[in-house]
Amino acid sequence: MGELLPALWLPSPMDSVRNMVTSLTSRFGSRGCIFTFHRVAPSAVWKTLPNRNFYIDLDFFDEFLTHLGRSGWEIVTVEQALQRASRNNTKDRYVNFSVDDCYRDTFDQAVPLFRRHGAPITLYVTTGIPDGTVPMWWTGLEEALLLRRQVIVGNEVLTVETATAKREAFARIEGEWNRKGPEPEYAAFCEANGIDAAAVHWRHAISWEMLEELRADPLVEIGVHGATHRRISELEPDAALAELNAGRERMMKRIGVTARHFAFPYGRAGDCGPRDFELVRQAGFFSAATTRKGVIRPGQDAFQLPRNTLNGAHQNLPIVNLHLKGLTGFAARVLGRV
């Protein structure tokens, strides 16, 4: 029986995909991978968070950065990634990490982690967050659920005593608010529960003072994620250009940074297209990042940069290695989930 096994073995579909990706990599040369995330939290805190998939566990992130260094991947800025893509060194393997929105933990925890690794990080700032003009209802809802045993939601008193109950409540309420319009729902929630929305905002938001300090850090690259986090494709051309320009101009006025790179607040295939890429170009940016999975190859369009989203459900090295190899991007295109 043992002698028959080699003749009966057939490669699995995943083996075939891996072999194809390896062949394409050797044929087409250099490869870059951009990862994006929103928030980070220490392991002990991460386990309790009602919206924990929005965060990366800091211990895992530390492990991931160490893994990249040992595996020969260089961590670069977006500016450097574009330069690498243009020169097509066949042995080039590079990674960029960009954080969207930007919260207080970007300043307190994410940037210090990258400093410890001597690695750069890109911040795509929604300027309405440090301005205090973007209502961060998702953070207020999460904080209330995390700290309280009961909350009032509409006409209901909801008991949330366990971590599981808090996560289930967050998912349910977030879905309902998104259907109805979250901002008025959040305002009513704050009034019913005696929550100071402004105080909550500043407990979680990055400030201009923090960004001014980060501006001088050679490991920090600062870009723009819009002024109000609007979906660019939903806006008429003039309004879209105004939104793009407002974030860029506010960054320059407030901390003197000429932001060269932009990330779409909503970046899947249905959220941004050729018109939107061209508007970003017209606004004076040098690149635009999406959230379409994939890797950067030579000749990459700078205004359609693929980015692979990291969240709390992706906290293991085998999954991120699939991103690095381009397998998740390939699968997304095959399945039409881009």
# chains A, B, ... in the order shown; residues from 1 in each chain; ligands from 1

call {"tool": "closest_atom_pairs", "arguments": {"of": "range 196-288 of chain A", "to": "range 297-305 of chain A", "cutoff": "6 Å", "atoms": "only C-alpha atoms", "output": "Markdown table"}}
result
| residue | atom | partner | partner_atom | distance |
| --- | --- | --- | --- | --- |
| A:Phe277 | CA | A:Phe303 | CA | 5.6 |
| A:Ser287 | CA | A:Phe303 | CA | 4.7 |
| A:Ala288 | CA | A:Phe303 | CA | 4.2 |

call {"tool": "closest_atom_pairs", "arguments": {"of": "range 151-173 of chain A", "to": "range 44-54 of chain A", "cutoff": "10 Å", "atoms": "only C-alpha atoms", "output": "JSON lines"}}
result
{"residue": "A:Thr162", "atom": "CA", "partner": "A:Thr48", "partner_atom": "CA", "distance": 8.8}
{"residue": "A:Ala163", "atom": "CA", "partner": "A:Thr48", "partner_atom": "CA", "distance": 5.6}
{"residue": "A:Thr164", "atom": "CA", "partner": "A:Pro50", "partner_atom": "CA", "distance": 7.9}
{"residue": "A:Ala165", "atom": "CA", "partner": "A:Pro50", "partner_atom": "CA", "distance": 8.4}
{"residue": "A:Lys166", "atom": "CA", "partner": "A:Pro50", "partner_atom": "CA", "distance": 5.2}
{"residue": "A:Arg167", "atom": "CA", "partner": "A:Pro50", "partner_atom": "CA", "distance": 4.1}
{"residue": "A:Glu168", "atom": "CA", "partner": "A:Pro50", "partner_atom": "CA", "distance": 7.7}
{"residue": "A:Ala169", "atom": "CA", "partner": "A:Pro50", "partner_atom": "CA", "distance": 7.9}
{"residue": "A:Phe170", "atom": "CA", "partner": "A:Pro50", "partner_atom": "CA", "distance": 6.0}
{"residue": "A:Ala171", "atom": "CA", "partner": "A:Asn51", "partner_atom": "CA", "distance": 7.7}

call {"tool": "residues_around", "arguments": {"residues": "Ile319 in chain A", "least_positions_apart": "5", "cutoff": "12 Å", "atoms": "only C-alpha atoms", "output": "mmCIF file with N, CA and C atoms, in the first residue's frame"}}
result
data_model
loop_
_atom_site.group_PDB
_atom_site.id
_atom_site.type_symbol
_atom_site.label_atom_id
_atom_site.label_comp_id
_atom_site.auth_asym_id
_atom_site.auth_seq_id
_atom_site.Cartn_x
_atom_site.Cartn_y
_atom_site.Cartn_z
ATOM 1 N N PHE A 64 3.977 40.228 14.544
ATOM 2 C CA PHE A 64 3.926 40.368 13.084
ATOM 3 C C PHE A 64 5.103 41.195 12.573
ATOM 4 N N ASN A 308 -4.670 45.794 2.171
ATOM 5 C CA ASN A 308 -5.247 44.635 2.837
ATOM 6 C C ASN A 308 -5.597 45.010 4.271
ATOM 7 N N THR A 309 -6.874 44.933 4.603
ATOM 8 C CA THR A 309 -7.336 45.368 5.911
ATOM 9 C C THR A 309 -7.020 44.334 6.986
ATOM 10 N N LEU A 310 -6.391 44.808 8.053
ATOM 11 C CA LEU A 310 -6.151 43.981 9.230
ATOM 12 C C LEU A 310 -7.205 44.316 10.274
ATOM 13 N N ASN A 311 -7.825 43.317 10.844
ATOM 14 C CA ASN A 311 -8.738 43.569 11.958
ATOM 15 C C ASN A 311 -8.576 42.479 13.005
ATOM 16 N N GLY A 312 -9.375 42.565 14.031
ATOM 17 C CA GLY A 312 -9.217 41.654 15.146
ATOM 18 C C GLY A 312 -9.417 40.192 14.818
ATOM 19 N N ALA A 313 -10.048 39.917 13.691
ATOM 20 C CA ALA A 313 -10.271 38.522 13.299
ATOM 21 C C ALA A 313 -9.083 37.930 12.542
ATOM 22 N N HIS A 314 -8.080 38.751 12.243
ATOM 23 C CA HIS A 314 -6.969 38.309 11.404
ATOM 24 C C HIS A 314 -5.675 38.184 12.200
ATOM 25 N N LEU A 324 0.490 38.691 2.089
ATOM 26 C CA LEU A 324 1.817 38.996 1.558
ATOM 27 C C LEU A 324 2.079 38.288 0.226
ATOM 28 N N LYS A 325 1.532 37.100 0.069
ATOM 29 C CA LYS A 325 1.734 36.338 -1.168
ATOM 30 C C LYS A 325 0.755 36.730 -2.275
ATOM 31 N N GLY A 326 -0.232 37.559 -1.933
ATOM 32 C CA GLY A 326 -1.212 37.953 -2.933
ATOM 33 C C GLY A 326 -2.365 36.996 -3.079
ATOM 34 N N LEU A 327 -2.428 35.976 -2.226
ATOM 35 C CA LEU A 327 -3.475 34.968 -2.357
ATOM 36 C C LEU A 327 -4.858 35.516 -2.027
ATOM 37 N N THR A 328 -4.946 36.381 -1.015
ATOM 38 C CA THR A 328 -6.260 36.919 -0.655
ATOM 39 C C THR A 328 -6.787 37.848 -1.737
#

call {"tool": "select_by_dssp", "arguments": {"residues": "range 89-145 of chain A", "states": "alpha helix (DSSP H)", "output": "list in words"}}
result
Arg104, Asp105, Val111, Pro112, Leu113, Phe114, Arg115, Arg116, Gly128, Ile129, Pro130, Asp131, Trp137, Trp138, Thr139, Gly140, Leu141, Glu142, Glu143, Ala144 and Leu145 of chain A

call {"tool": "residues_around", "arguments": {"residues": "range 191-201 of chain A", "least_positions_apart": "4", "cutoff": "9 Å", "atoms": "only C-alpha atoms", "output": "list of chain:residue names"}}
result
A:Ile129, A:Gly132, A:Pro135, A:Met136, A:Trp137, A:Thr139, A:Gly140, A:Glu143, A:Ala144, A:Val151, A:Ile152, A:Val153, A:Gly154, A:Tyr186, A:Ala187, A:Ala205

call {"tool": "write_last_selection", "arguments": {"atoms": "C-alpha atoms", "output": "mmCIF file, in the first residue's frame"}}
result
data_model
loop_
_atom_site.group_PDB
_atom_site.id
_atom_site.type_symbol
_atom_site.label_atom_id
_atom_site.label_comp_id
_atom_site.auth_asym_id
_atom_site.auth_seq_id
_atom_site.Cartn_x
_atom_site.Cartn_y
_atom_site.Cartn_z
ATOM 1 C CA ILE A 129 -11.389 64.052 14.118
ATOM 2 C CA GLY A 132 -13.795 67.708 16.772
ATOM 3 C CA PRO A 135 -19.146 62.725 15.646
ATOM 4 C CA MET A 136 -17.385 59.493 16.581
ATOM 5 C CA TRP A 137 -20.594 57.711 17.519
ATOM 6 C CA THR A 139 -16.518 55.081 19.975
ATOM 7 C CA GLY A 140 -19.202 56.534 22.231
ATOM 8 C CA GLU A 143 -17.373 53.030 25.594
ATOM 9 C CA ALA A 144 -20.866 53.045 27.071
ATOM 10 C CA VAL A 151 -27.768 51.079 28.680
ATOM 11 C CA ILE A 152 -30.940 52.690 27.386
ATOM 12 C CA VAL A 153 -31.461 52.236 23.645
ATOM 13 C CA GLY A 154 -34.658 53.841 22.413
ATOM 14 C CA TYR A 186 -26.246 58.610 18.916
ATOM 15 C CA ALA A 187 -27.357 62.038 20.103
ATOM 16 C CA ALA A 205 -9.541 61.280 19.233
#

call {"tool": "closest_residue", "arguments": {"among": "A:Leu317, A:Ala110, A:Val280, A:Val78", "to": "Glu221 in chain A", "atoms": "only C-alpha atoms"}}
result
A:Val78

call {"tool": "closest_residue", "arguments": {"among": "A:Val111, A:Cys190, A:Leu211, A:Val134", "to": "Met251 in chain A", "atoms": "only C-alpha atoms"}}
result
A:Leu211

call {"tool": "closest_residue", "arguments": {"among": "A:Val76, A:Leu58, A:Val224, A:Ala81", "to": "Arg250 in chain A", "atoms": "only C-alpha atoms"}}
result
A:Val224

call {"tool": "closest_residue", "arguments": {"among": "A:Leu235, A:Leu65, A:Val257, A:Ala246", "to": "Cys272 in chain A", "atoms": "only C-alpha atoms"}}
result
A:Leu235

call {"tool": "closest_residue", "arguments": {"among": "A:Met210, A:Leu82, A:Asp57, A:Asn89", "to": "Asp108 in chain A", "atoms": "only C-alpha atoms"}}
result
A:Met210
